[in-house]
$ cat final-v7.csv   # CSV, C-alpha atoms and all ligand atoms
chain,number,residue,atom,x,y,z
A,1,MET,CA,128.1,80.6,202.9
A,2,ASN,CA,128.8,84.0,204.3
A,3,LYS,CA,129.4,87.1,202.2
A,4,PHE,CA,133.0,87.9,201.6
A,5,SER,CA,135.2,90.5,199.7
A,6,TRP,CA,137.6,89.6,197.0
A,7,TYR,CA,141.1,90.9,196.5
A,8,GLU,CA,143.3,90.0,193.5
A,9,ALA,CA,146.9,89.9,194.7
A,10,LYS,CA,149.5,91.4,192.3
A,11,SER,CA,152.6,90.0,193.8
A,12,VAL,CA,153.8,87.7,196.7
A,13,GLU,CA,154.6,90.8,198.8
A,14,ASP,CA,151.1,92.3,198.0
A,15,ALA,CA,149.4,89.0,199.0
A,16,LEU,CA,151.4,88.8,202.2
A,17,SER,CA,150.6,92.4,203.2
A,18,LYS,CA,146.9,91.6,203.0
A,19,VAL,CA,146.5,88.1,204.5
A,20,ASN,CA,146.1,87.6,208.3
A,21,ALA,CA,144.9,84.0,208.7
A,22,THR,CA,145.2,80.4,207.6
A,23,ALA,CA,142.1,78.2,207.2
A,24,SER,CA,143.2,76.5,210.5
A,25,ASP,CA,143.4,79.9,212.4
A,26,ILE,CA,139.7,80.7,211.6
A,27,LEU,CA,138.3,77.1,211.6
A,28,GLY,CA,135.0,76.9,213.4
A,29,LYS,CA,135.0,80.6,214.2
A,30,ALA,CA,132.1,82.8,213.5
A,31,PRO,CA,132.4,85.3,210.6
A,32,ASN,CA,134.2,88.5,211.6
A,33,SER,CA,135.0,91.6,209.7
A,34,SER,CA,138.8,91.1,209.7
A,35,SER,CA,139.8,87.6,208.6
A,36,VAL,CA,141.7,87.5,205.3
A,37,ILE,CA,142.8,84.3,203.8
A,38,PHE,CA,144.5,83.0,200.6
A,39,LYS,CA,142.7,81.2,197.8
A,40,ALA,CA,144.5,79.5,194.9
A,41,GLY,CA,142.3,77.1,192.9
A,42,GLY,CA,139.6,77.3,195.6
A,43,ILE,CA,138.7,73.6,195.6
A,44,ASP,CA,139.4,73.0,199.3
A,45,LEU,CA,138.8,76.5,200.5
A,46,LEU,CA,135.4,76.7,199.0
A,47,ASP,CA,134.5,73.3,200.4
A,48,LEU,CA,135.4,74.5,203.9
A,49,MET,CA,133.4,77.7,203.4
A,50,LYS,CA,130.3,75.8,202.1
A,51,GLU,CA,130.6,73.4,205.1
A,52,GLY,CA,130.5,76.5,207.3
A,53,LEU,CA,133.8,75.6,208.9
A,54,VAL,CA,135.8,78.6,207.6
A,55,ASN,CA,134.2,82.1,207.3
A,56,PRO,CA,136.7,84.6,206.0
A,57,SER,CA,135.7,88.2,205.5
A,58,THR,CA,138.1,88.6,202.5
A,59,ILE,CA,139.6,86.2,200.1
A,60,VAL,CA,143.0,87.1,198.6
A,61,SER,CA,143.2,85.4,195.2
A,62,ILE,CA,146.9,84.4,194.6
A,63,LYS,CA,146.0,82.6,191.4
A,64,ASN,CA,147.3,85.3,189.1
A,65,ILE,CA,150.5,86.3,190.8
A,66,PRO,CA,153.1,86.4,188.1
A,67,GLY,CA,155.9,83.8,188.3
A,68,LEU,CA,154.1,81.3,190.6
A,69,ASP,CA,152.8,79.4,187.6
A,70,LYS,CA,156.3,78.4,186.3
A,71,ILE,CA,157.9,75.0,186.0
A,72,GLU,CA,161.7,75.1,185.7
A,73,TYR,CA,163.8,72.1,185.2
A,74,SER,CA,167.5,71.4,184.8
A,75,GLU,CA,169.3,68.0,184.7
A,76,GLN,CA,171.7,69.3,187.4
A,77,ASP,CA,169.2,70.8,189.9
A,78,GLY,CA,166.0,69.0,189.1
A,79,PHE,CA,162.6,70.8,189.3
A,80,LYS,CA,161.4,74.1,190.7
A,81,ILE,CA,157.7,74.1,190.5
A,82,GLY,CA,155.6,77.2,191.3
A,83,ALA,CA,152.9,76.9,193.9
A,84,ASN,CA,150.2,77.9,191.4
A,85,VAL,CA,151.1,75.2,188.8
A,86,THR,CA,148.0,73.1,188.4
A,87,LEU,CA,147.9,69.4,189.0
A,88,GLU,CA,146.9,69.0,185.3
A,89,GLU,CA,150.1,70.9,184.2
A,90,LEU,CA,152.2,68.7,186.4
A,91,GLU,CA,150.5,65.5,185.1
A,92,ASN,CA,151.2,66.5,181.5
A,93,ASN,CA,154.8,67.5,182.1
A,94,ALA,CA,157.0,65.2,179.9
A,95,VAL,CA,160.0,65.2,182.2
A,96,VAL,CA,157.9,64.3,185.2
A,97,LYS,CA,156.4,61.5,183.3
A,98,GLU,CA,159.8,60.2,182.1
A,99,LYS,CA,162.0,60.7,185.2
A,100,TYR,CA,159.6,61.1,188.2
A,101,LEU,CA,157.0,58.4,187.3
A,102,ALA,CA,155.7,58.1,190.8
A,103,LEU,CA,154.9,61.8,191.0
A,104,HIS,CA,153.2,61.7,187.6
A,105,GLN,CA,151.1,58.7,188.7
A,106,ALA,CA,150.2,60.4,192.1
A,107,VAL,CA,149.1,63.6,190.3
A,108,ALA,CA,147.2,61.7,187.6
A,109,HIS,CA,145.2,59.8,190.2
A,110,ALA,CA,144.2,62.9,192.3
A,111,GLY,CA,140.6,63.7,191.8
A,112,THR,CA,139.0,64.2,188.4
A,113,ALA,CA,140.4,66.0,185.3
A,114,GLN,CA,138.2,69.0,186.1
A,115,LEU,CA,139.6,69.2,189.6
A,116,ARG,CA,143.2,68.8,188.4
A,117,ASN,CA,142.5,71.6,186.0
A,118,SER,CA,141.9,74.1,188.8
A,119,ALA,CA,143.7,72.6,191.8
A,120,THR,CA,147.2,74.0,192.5
A,121,LEU,CA,150.2,72.3,194.0
A,122,GLY,CA,150.4,74.8,196.9
A,123,GLY,CA,146.8,74.4,197.7
A,124,ASN,CA,147.1,70.6,197.5
A,125,LEU,CA,149.8,70.6,200.2
A,126,ALA,CA,147.8,73.0,202.4
A,127,GLN,CA,144.4,71.3,202.0
A,128,ARG,CA,142.8,70.0,205.2
A,129,THR,CA,141.9,66.4,206.1
A,130,ARG,CA,138.7,64.8,204.8
A,131,CYS,CA,137.9,63.1,208.1
A,132,TRP,CA,134.1,63.2,208.3
A,133,TYR,CA,134.1,64.3,211.9
A,134,PHE,CA,136.5,67.2,211.1
A,135,ARG,CA,134.3,68.1,208.1
A,136,SER,CA,131.1,68.1,210.2
A,137,ILE,CA,130.2,71.4,211.8
A,138,ASP,CA,128.3,69.4,214.5
A,139,HIS,CA,131.5,67.7,215.7
A,140,GLN,CA,133.9,69.7,217.9
A,141,CYS,CA,136.7,67.3,217.3
A,142,TYR,CA,140.3,67.3,218.5
A,143,ARG,CA,141.3,69.5,215.5
A,144,LYS,CA,138.8,72.1,216.6
A,145,GLY,CA,140.2,72.3,220.1
A,146,SER,CA,137.9,69.9,222.0
A,147,GLY,CA,140.4,67.2,222.8
A,148,THR,CA,138.0,64.5,221.6
A,149,CYS,CA,138.7,62.4,218.5
A,150,TYR,CA,135.3,61.0,217.5
A,151,ALA,CA,136.9,58.5,215.1
A,152,GLN,CA,138.5,56.6,218.1
A,153,GLU,CA,135.2,55.0,219.0
A,154,GLY,CA,133.2,56.0,215.9
A,155,GLU,CA,133.1,55.3,212.2
A,156,ASN,CA,136.8,54.8,211.5
A,157,GLU,CA,137.1,52.6,208.5
A,158,PHE,CA,139.0,55.3,206.4
A,159,HIS,CA,141.1,56.5,209.3
A,160,ALA,CA,144.7,56.2,210.4
A,161,ILE,CA,146.4,52.9,211.3
A,162,MET,CA,149.5,54.6,212.7
A,163,ASN,CA,150.1,57.5,215.1
A,164,ASN,CA,146.3,57.5,215.6
A,165,LYS,CA,145.9,57.8,219.3
A,166,THR,CA,145.3,61.6,219.5
A,167,CYS,CA,143.7,62.3,216.1
A,168,ALA,CA,143.0,59.5,213.7
A,169,SER,CA,142.5,61.6,210.6
A,170,VAL,CA,144.6,61.0,207.5
A,171,HIS,CA,146.1,63.7,205.3
A,172,SER,CA,144.4,64.0,202.0
A,173,SER,CA,147.3,65.0,199.8
A,174,SER,CA,148.3,62.0,197.8
A,175,VAL,CA,150.6,64.2,195.7
A,176,SER,CA,152.6,64.7,198.9
A,177,THR,CA,153.2,61.0,199.2
A,178,ALA,CA,155.2,61.1,196.0
A,179,LEU,CA,156.8,64.4,196.7
A,180,MET,CA,158.1,63.2,200.0
A,181,ALA,CA,159.5,60.0,198.4
A,182,PHE,CA,161.5,62.2,196.0
A,183,ASN,CA,162.8,64.3,199.0
A,184,ALA,CA,161.2,67.5,197.7
A,185,THR,CA,161.4,70.7,199.7
A,186,VAL,CA,158.7,73.3,200.2
A,187,GLU,CA,159.7,76.9,199.5
A,188,ILE,CA,157.9,79.4,201.7
A,189,ALA,CA,157.8,83.2,201.7
A,190,GLY,CA,157.2,85.2,204.8
A,191,PRO,CA,157.0,88.9,205.9
A,192,ASN,CA,159.8,91.4,205.3
A,193,GLY,CA,161.2,89.4,202.3
A,194,LYS,CA,162.1,86.4,204.5
A,195,THR,CA,162.0,83.0,202.9
A,196,ARG,CA,162.6,79.5,204.2
A,197,SER,CA,162.9,76.1,202.6
A,198,VAL,CA,161.8,73.0,204.5
A,199,THR,CA,161.7,69.3,203.8
A,200,MET,CA,158.3,67.6,203.4
A,201,GLU,CA,158.9,65.9,206.8
A,202,GLU,CA,159.4,69.4,208.3
A,203,PHE,CA,156.5,70.9,206.5
A,204,PHE,CA,154.0,68.4,207.9
A,205,VAL,CA,153.4,68.2,211.7
A,206,ASP,CA,151.7,65.5,213.7
A,207,PRO,CA,148.6,66.2,215.8
A,208,GLU,CA,150.6,66.2,219.1
A,209,THR,CA,152.8,69.0,217.8
A,210,ASP,CA,149.9,71.1,216.6
A,211,SER,CA,146.4,70.0,217.3
A,212,ARG,CA,144.9,72.6,214.9
A,213,THR,CA,146.7,71.9,211.6
A,214,GLU,CA,148.8,69.5,209.6
A,215,ASN,CA,151.5,71.9,208.5
A,216,ILE,CA,153.9,74.6,209.8
A,217,LEU,CA,152.5,77.5,207.7
A,218,ALA,CA,152.0,80.7,209.7
A,219,SER,CA,149.2,83.1,208.8
A,220,ASN,CA,151.7,85.4,207.2
A,221,GLU,CA,153.4,82.8,205.0
A,222,LEU,CA,152.8,81.7,201.5
A,223,ILE,CA,154.1,78.6,199.7
A,224,THR,CA,155.9,79.9,196.6
A,225,GLY,CA,156.9,76.5,195.2
A,226,ILE,CA,158.3,73.0,195.5
A,227,ALA,CA,161.9,72.0,194.7
A,228,ILE,CA,162.6,68.4,193.7
A,229,PRO,CA,166.2,67.2,193.5
A,230,ALA,CA,167.6,65.9,190.3
A,231,VAL,CA,167.4,62.2,189.6
A,232,ASN,CA,169.7,60.1,187.4
A,233,GLU,CA,168.6,57.4,184.9
A,234,ASN,CA,169.2,54.7,187.7
A,235,VAL,CA,166.4,56.1,189.8
A,236,LYS,CA,163.2,54.1,189.4
A,237,SER,CA,159.9,54.9,191.0
A,238,PHE,CA,156.3,53.8,191.2
A,239,TYR,CA,153.1,55.0,193.0
A,240,ILE,CA,149.9,53.1,193.8
A,241,LYS,CA,146.7,54.5,195.1
A,242,GLN,CA,144.0,52.2,196.5
A,243,GLY,CA,140.5,53.6,196.6
A,244,ALA,CA,137.4,52.2,198.2
A,245,ARG,CA,136.0,51.7,194.8
A,246,GLU,CA,136.6,52.7,191.2
A,247,SER,CA,135.9,56.4,191.7
A,248,HIS,CA,137.6,59.8,191.9
A,249,ASP,CA,137.7,59.7,195.7
A,250,TRP,CA,140.7,60.3,198.0
A,251,ALA,CA,142.9,57.3,198.8
A,252,ILE,CA,142.2,54.8,201.5
A,253,ALA,CA,145.9,53.8,201.1
A,254,ASP,CA,148.6,55.0,198.8
A,255,VAL,CA,152.4,54.5,198.5
A,256,ALA,CA,155.3,55.9,196.6
A,257,VAL,CA,158.5,54.0,196.2
A,258,VAL,CA,161.7,55.6,194.8
A,259,MET,CA,164.8,53.4,194.4
A,260,GLU,CA,168.3,54.2,193.1
A,261,MET,CA,169.5,51.0,191.4
A,262,SER,CA,173.0,50.0,190.4
A,263,GLY,CA,174.1,46.7,188.8
A,264,GLY,CA,170.8,45.1,189.7
A,265,LYS,CA,171.0,46.2,193.3
A,266,CYS,CA,169.1,48.9,195.2
A,267,ASN,CA,171.6,51.4,196.5
A,268,ASN,CA,169.1,53.7,198.2
A,269,ALA,CA,165.3,53.7,198.6
A,270,GLU,CA,162.5,55.8,200.0
A,271,ILE,CA,159.1,54.5,200.7
A,272,VAL,CA,156.3,56.8,201.7
A,273,LEU,CA,152.8,55.8,202.9
A,274,GLY,CA,149.8,58.1,202.4
A,275,ALA,CA,146.5,57.8,204.2
A,276,ALA,CA,148.2,55.7,206.9
A,277,ALA,CA,148.7,58.4,209.5
A,278,PRO,CA,147.6,62.0,210.1
A,279,VAL,CA,150.5,63.1,207.8
A,280,PRO,CA,152.4,61.2,205.1
A,281,VAL,CA,155.1,59.0,206.7
A,282,LYS,CA,158.4,57.5,205.5
A,283,ALA,CA,158.4,53.8,206.1
A,284,GLU,CA,162.1,53.6,207.0
A,285,ASP,CA,162.0,50.0,208.2
A,286,ALA,CA,160.6,49.0,204.8
A,287,ALA,CA,163.2,51.1,202.9
A,288,LYS,CA,166.0,49.4,204.9
A,289,LYS,CA,164.8,46.0,203.6
A,290,LEU,CA,165.6,47.2,200.1
A,291,ARG,CA,169.0,48.9,200.5
A,292,GLY,CA,171.9,46.9,199.3
A,293,LYS,CA,169.7,44.1,198.0
A,294,SER,CA,168.7,42.7,194.6
A,295,ILE,CA,165.0,43.3,194.2
A,296,ASN,CA,162.9,40.2,193.9
A,297,GLU,CA,159.5,39.0,195.2
A,298,SER,CA,160.8,37.9,198.6
A,299,VAL,CA,162.7,41.2,199.3
A,300,ALA,CA,159.6,43.2,198.1
A,301,SER,CA,157.4,41.1,200.3
A,302,SER,CA,159.6,41.6,203.4
A,303,ALA,CA,159.5,45.4,202.8
A,304,GLY,CA,155.7,45.2,202.5
A,305,LYS,CA,155.5,43.5,205.9
A,306,ALA,CA,158.0,46.0,207.5
A,307,SER,CA,156.0,49.0,206.2
A,308,VAL,CA,153.2,48.3,208.6
A,309,LYS,CA,155.3,47.2,211.6
A,310,GLY,CA,153.9,48.7,214.7
A,311,ALA,CA,150.5,49.6,213.1
A,312,THR,CA,147.7,50.2,215.6
A,313,PRO,CA,144.5,49.8,213.6
A,314,LEU,CA,141.2,50.9,215.0
A,315,ALA,CA,138.0,48.8,215.2
A,316,ASN,CA,137.0,49.1,211.6
A,317,ASN,CA,140.2,49.7,209.6
A,318,ALA,CA,142.5,46.7,210.2
A,319,TYR,CA,141.8,45.8,206.6
A,320,LYS,CA,144.2,48.6,205.6
A,321,VAL,CA,147.2,46.7,207.0
A,322,PRO,CA,147.2,43.9,204.4
A,323,ILE,CA,146.4,46.6,201.7
A,324,PHE,CA,149.5,48.5,202.6
A,325,ARG,CA,151.6,45.3,202.7
A,326,SER,CA,150.4,44.4,199.3
A,327,ILE,CA,150.6,47.8,197.6
A,328,VAL,CA,154.1,48.4,199.0
A,329,LYS,CA,155.3,45.1,197.5
A,330,ARG,CA,153.6,45.7,194.2
A,331,ALA,CA,155.0,49.2,193.9
A,332,ILE,CA,158.5,47.9,194.5
A,333,LEU,CA,158.2,45.2,191.9
A,334,ASN,CA,156.7,47.6,189.4
A,335,ALA,CA,159.4,50.2,189.9
A,336,VAL,CA,162.3,48.0,188.7
A,401,LIG,C1,136.3,64.8,194.8
A,401,LIG,C2,137.7,65.2,195.2
A,401,LIG,C3,138.7,64.3,195.1
A,401,LIG,C4,140.0,64.6,195.4
A,401,LIG,N1,140.9,63.6,195.4
A,401,LIG,C5,142.2,64.0,195.7
A,401,LIG,C6,143.2,63.0,195.7
A,401,LIG,O1,143.0,61.8,195.4
A,401,LIG,N2,144.5,63.4,196.0
A,401,LIG,C7,144.8,64.6,196.4
A,401,LIG,O2,146.0,64.9,196.7
A,401,LIG,N3,143.8,65.6,196.4
A,401,LIG,C8,142.6,65.3,196.1
A,401,LIG,N4,141.6,66.2,196.2
A,401,LIG,C9,141.9,67.5,196.7
A,401,LIG,C10,142.4,68.6,195.7
A,401,LIG,O3,143.5,68.1,195.0
A,401,LIG,C11,142.7,69.8,196.6
A,401,LIG,O4,141.6,70.3,197.2
A,401,LIG,C12,143.4,70.9,195.7
A,401,LIG,O5,144.6,70.5,195.3
A,401,LIG,C13,143.6,72.2,196.5
A,401,LIG,O6,144.2,73.1,195.7
A,401,LIG,P1,143.6,74.5,195.4
A,401,LIG,O7,144.5,75.2,194.6
A,401,LIG,O8,142.2,74.4,195.0
A,401,LIG,O9,143.6,75.1,196.9
A,401,LIG,P2,142.7,76.1,197.7
A,401,LIG,O10,141.4,75.5,197.9
A,401,LIG,O11,142.7,77.4,197.0
A,401,LIG,O12,143.4,76.3,199.0
A,401,LIG,C14,143.5,75.2,199.9
A,401,LIG,C15,144.1,75.8,201.2
A,401,LIG,O13,145.4,76.1,201.0
A,401,LIG,C16,145.7,77.5,201.3
A,401,LIG,N5,146.6,77.9,200.2
A,401,LIG,C17,146.4,77.8,198.9
A,401,LIG,N6,147.5,78.1,198.2
A,401,LIG,C18,148.4,78.4,199.1
A,401,LIG,C19,149.8,78.8,199.1
A,401,LIG,N7,150.4,78.9,197.9
A,401,LIG,N8,150.4,79.1,200.2
A,401,LIG,C20,149.8,78.9,201.4
A,401,LIG,N9,148.5,78.5,201.5
A,401,LIG,C21,147.8,78.3,200.4
A,401,LIG,C22,144.3,78.2,201.2
A,401,LIG,O14,144.2,79.3,202.1
A,401,LIG,C23,143.4,77.0,201.7
A,401,LIG,O15,143.4,77.0,203.1
A,401,LIG,C24,140.3,65.9,195.8
A,401,LIG,C25,139.3,66.9,195.8
A,401,LIG,C26,138.0,66.6,195.5
A,401,LIG,C27,136.9,67.6,195.6

$ encode --input "final-v7.csv" --output "structure tokens"
Amino acid sequence: MNKFSWYEAKSVEDALSKVNATASDILGKAPNSSSVIFKAGGIDLLDLMKEGLVNPSTIVSIKNIPGLDKIEYSEQDGFKIGANVTLEELENNAVVKEKYLALHQAVAHAGTAQLRNSATLGGNLAQRTRCWYFRSIDHQCYRKGSGTCYAQEGENEFHAIMNNKTCASVHSSSVSTALMAFNATVEIAGPNGKTRSVTMEEFFVDPETDSRTENILASNELITGIAIPAVNENVKSFYIKQGARESHDWAIADVAVVMEMSGGKCNNAEIVLGAAAPVPVKAEDAAKKLRGKSINESVASSAGKASVKGATPLANNAYKVPIFRSIVKRAILNAV
């Protein structure tokens, strides 16, 4: 790892006045004397630095900025969760556990207790893919500007089964799978006091839109928090993460289902698949199978099948298709 300086940001404005790059901006570039990047919990950033992929000259720690560590909740407006709230704090929040079960489950299954103790929500959303070609300094893959996705013909068992023709990596944030299902929005602060609020679908971008990165963050922008709309007592949810084995690894497939029930019928539903495509995706065809229906095994099964409609698995990952079918069905039946 290269030497770097450390700056402790005192406010959002202070942090924004110092930073000049995202991890994607300086990915694969040699160390230079002027790249300044944010660090929150440091889990992913330090990985990227140790892998030699990112070599900032200065790290701006945003971890102690006052206010970014708050969780606010009201029955009317739902949650406002500061970007620096740790996954552990979110996991242990009683209202999340009671009313937003799928989010609680997604957070509780992300990494280990030690990781969740440091990892922040903002950093989780902005983490980079774990694709082994991307993480290898010896592979100049599509994400590093070469136009070649080595996973297409290579070791692709953990890779995307949808939208995988340009870059077959999958996004690593399983927390986002649940946040997207609850229609959360990402709050972003930019220069000159400007702020913007974007949906999770707008926050993530596919590889054809931006080959370098999975999100819309510019180098002079900071995630300040996440807002999650209020849910009533008829909203039921469930999240399932399938790993390759019983370990604390990233998902090979995960799903969050959120359904609004009324009189035994599903009024509205969102189903989000993680680790299926380069960014989390809403399985709209599957959700349509639930809307207006009483939930039973056959309806859940048809939604499971619809969730992988049009999938284009690669040579070694077709096994993911039945996994998604099965976990979507199970999540629906478990939610009600
Ligand atoms: C073994 C292991 C297993 C894991 N399993 C899972 C899993 O199952 N599911 C899952 O979701 N995650 C998993 N993770 C990933 C982990 O949750 C993330 O690395 C962590 O959440 C990143 O948060 P951080 O605060 O440490 O971010 P940092 O490492 O500090 O930052 C990550 C990136 O985001 C940028 N950044 C940080 N905060 C902000 C902000 N507020 N605004 C703009 N940019 C920002 C940084 O510049 C950096 O590029 C796992 C990690 C490990 C090591």

$ residues_near_point --input "final-v7.csv" --point "(159.7, 38.1, 190.5)" --cutoff "12 Å" --atoms "all atoms listed in the file" --output "list in words"
Ser294, Ile295, Asn296, Glu297, Ser298, Val299, Ala300, Ser301, Lys329, Arg330, Ile332, Leu333, Asn334 and Val336 of chain A

$ residues_around --input "final-v7.csv" --residues "Gly123 of chain A" --least-positions-apart "6" --cutoff "10 Å" --atoms "only C-alpha atoms" --output "list in words"
Phe38, Lys39, Ala40, Gly41, Gly42, Ile43, Asp44, Leu45, Ala83, Asn84, Val85, Thr86, Ser173 and Ile223 of chain A

$ residues_near_ligand --input "final-v7.csv" --ligand "ligand LIG 401 (chain A)" --cutoff "8 Å" --atoms "all atoms listed in the file" --output "PyMOL selection string"
chain A and resi 22-24+37-47+62+83-84+86-87+106-107+109-112+115-116+118-128+172-176+188+217+221-225+248-251

$ closest_atom_pairs --input "final-v7.csv" --of "segment 237-333 of chain A" --to "segment 195-213 of chain A" --cutoff "8 Å" --atoms "all atoms listed in the file" --output "JSON lines"
{"residue": "A:Pro278", "atom": "CA", "partner": "A:Asp206", "partner_atom": "CA", "distance": 6.5}
{"residue": "A:Val279", "atom": "CA", "partner": "A:Phe204", "partner_atom": "CA", "distance": 6.4}
{"residue": "A:Pro280", "atom": "CA", "partner": "A:Phe204", "partner_atom": "CA", "distance": 7.9}
{"residue": "A:Val281", "atom": "CA", "partner": "A:Glu201", "partner_atom": "CA", "distance": 7.9}

$ write_last_selection --input "final-v7.csv" --atoms "C-alpha atoms" --output "tab-separated table (two decimals), in the coordinates of the input"
chain	number	residue	atom	x	y	z
A	278	PRO	CA	147.60	62.00	210.10
A	279	VAL	CA	150.50	63.10	207.80
A	280	PRO	CA	152.40	61.20	205.10
A	281	VAL	CA	155.10	59.00	206.70

$ residues_near_point --input "final-v7.csv" --point "(157.4, 70.6, 195.7)" --cutoff "8 Å" --atoms "all atoms listed in the file" --output "PyMOL selection string"
chain A and resi 80-81+83+121+179+184-187+225-228

$ closest_residue --input "final-v7.csv" --among "A:Ala9, A:Leu101, A:Leu27, A:Ala160" --to "Val60 of chain A" --atoms "all atoms listed in the file"
A:Ala9

$ closest_residue --input "final-v7.csv" --among "A:Asn234, A:Gln152, A:Ser146, A:Ser219" --to "Leu314 of chain A" --atoms "only C-alpha atoms"
A:Gln152

$ residues_around --input "final-v7.csv" --residues "Ala276 of chain A" --least-positions-apart "4" --cutoff "10 Å" --atoms "all atoms listed in the file" --output "list in words"
Phe158, His159, Ala160, Ile161, Met162, Asn163, Asn164, Ala168, Ser169, Val170, His171, Ala251, Ile252, Ala253, Asp254, Val255, Val272, Pro280, Val281, Val308, Ala311, Pro313, Lys320, Val321 and Phe324 of chain A

$ atom_distance --input "final-v7.csv" --atom1 "atom CA of Pro229 of chain A" --atom2 "atom CA of Ala181 of chain A"
11.0 Å

$ residues_around --input "final-v7.csv" --residues "Ala315 of chain A" --least-positions-apart "3" --cutoff "10 Å" --atoms "only C-alpha atoms" --output "list in words"
Ala151, Gln152, Glu153, Gly154, Glu155, Asn156, Glu157, Thr312, Ala318 and Tyr319 of chain A

$ atom_distance --input "final-v7.csv" --atom1 "atom CA of Lys289 of chain A" --atom2 "atom CA of Lys97 of chain A"
26.9 Å

$ closest_residue --input "final-v7.csv" --among "A:Glu98, A:Gly263, A:Ser17, A:Ala277" --to "Lys236 of chain A" --atoms "only C-alpha atoms"
A:Glu98

$ residues_around --input "final-v7.csv" --residues "Gln140 of chain A" --least-positions-apart "5" --cutoff "12 Å" --atoms "all atoms listed in the file" --output "CSV table (one decimal) with C-alpha atoms, in the frame of the given file"
chain,number,residue,atom,x,y,z
A,27,LEU,CA,138.3,77.1,211.6
A,28,GLY,CA,135.0,76.9,213.4
A,29,LYS,CA,135.0,80.6,214.2
A,53,LEU,CA,133.8,75.6,208.9
A,132,TRP,CA,134.1,63.2,208.3
A,133,TYR,CA,134.1,64.3,211.9
A,134,PHE,CA,136.5,67.2,211.1
A,135,ARG,CA,134.3,68.1,208.1
A,145,GLY,CA,140.2,72.3,220.1
A,146,SER,CA,137.9,69.9,222.0
A,147,GLY,CA,140.4,67.2,222.8
A,148,THR,CA,138.0,64.5,221.6
A,149,CYS,CA,138.7,62.4,218.5
A,150,TYR,CA,135.3,61.0,217.5
A,151,ALA,CA,136.9,58.5,215.1
A,212,ARG,CA,144.9,72.6,214.9

$ closest_residue --input "final-v7.csv" --among "A:Ala189, A:Ala306, A:Asn2, A:Ala178" --to "Ala108 of chain A" --atoms "only C-alpha atoms"
A:Ala178

$ residues_around --input "final-v7.csv" --residues "Ile59 of chain A" --least-positions-apart "6" --cutoff "9 Å" --atoms "all atoms listed in the file" --output "list in words"
Phe4, Ser5, Trp6, Tyr7, Glu8, Val19, Ser35, Val36, Ile37, Phe38 and Lys39 of chain A

$ atom_distance --input "final-v7.csv" --atom1 "atom CA of Gly304 of chain A" --atom2 "atom CA of Val257 of chain A"
11.2 Å
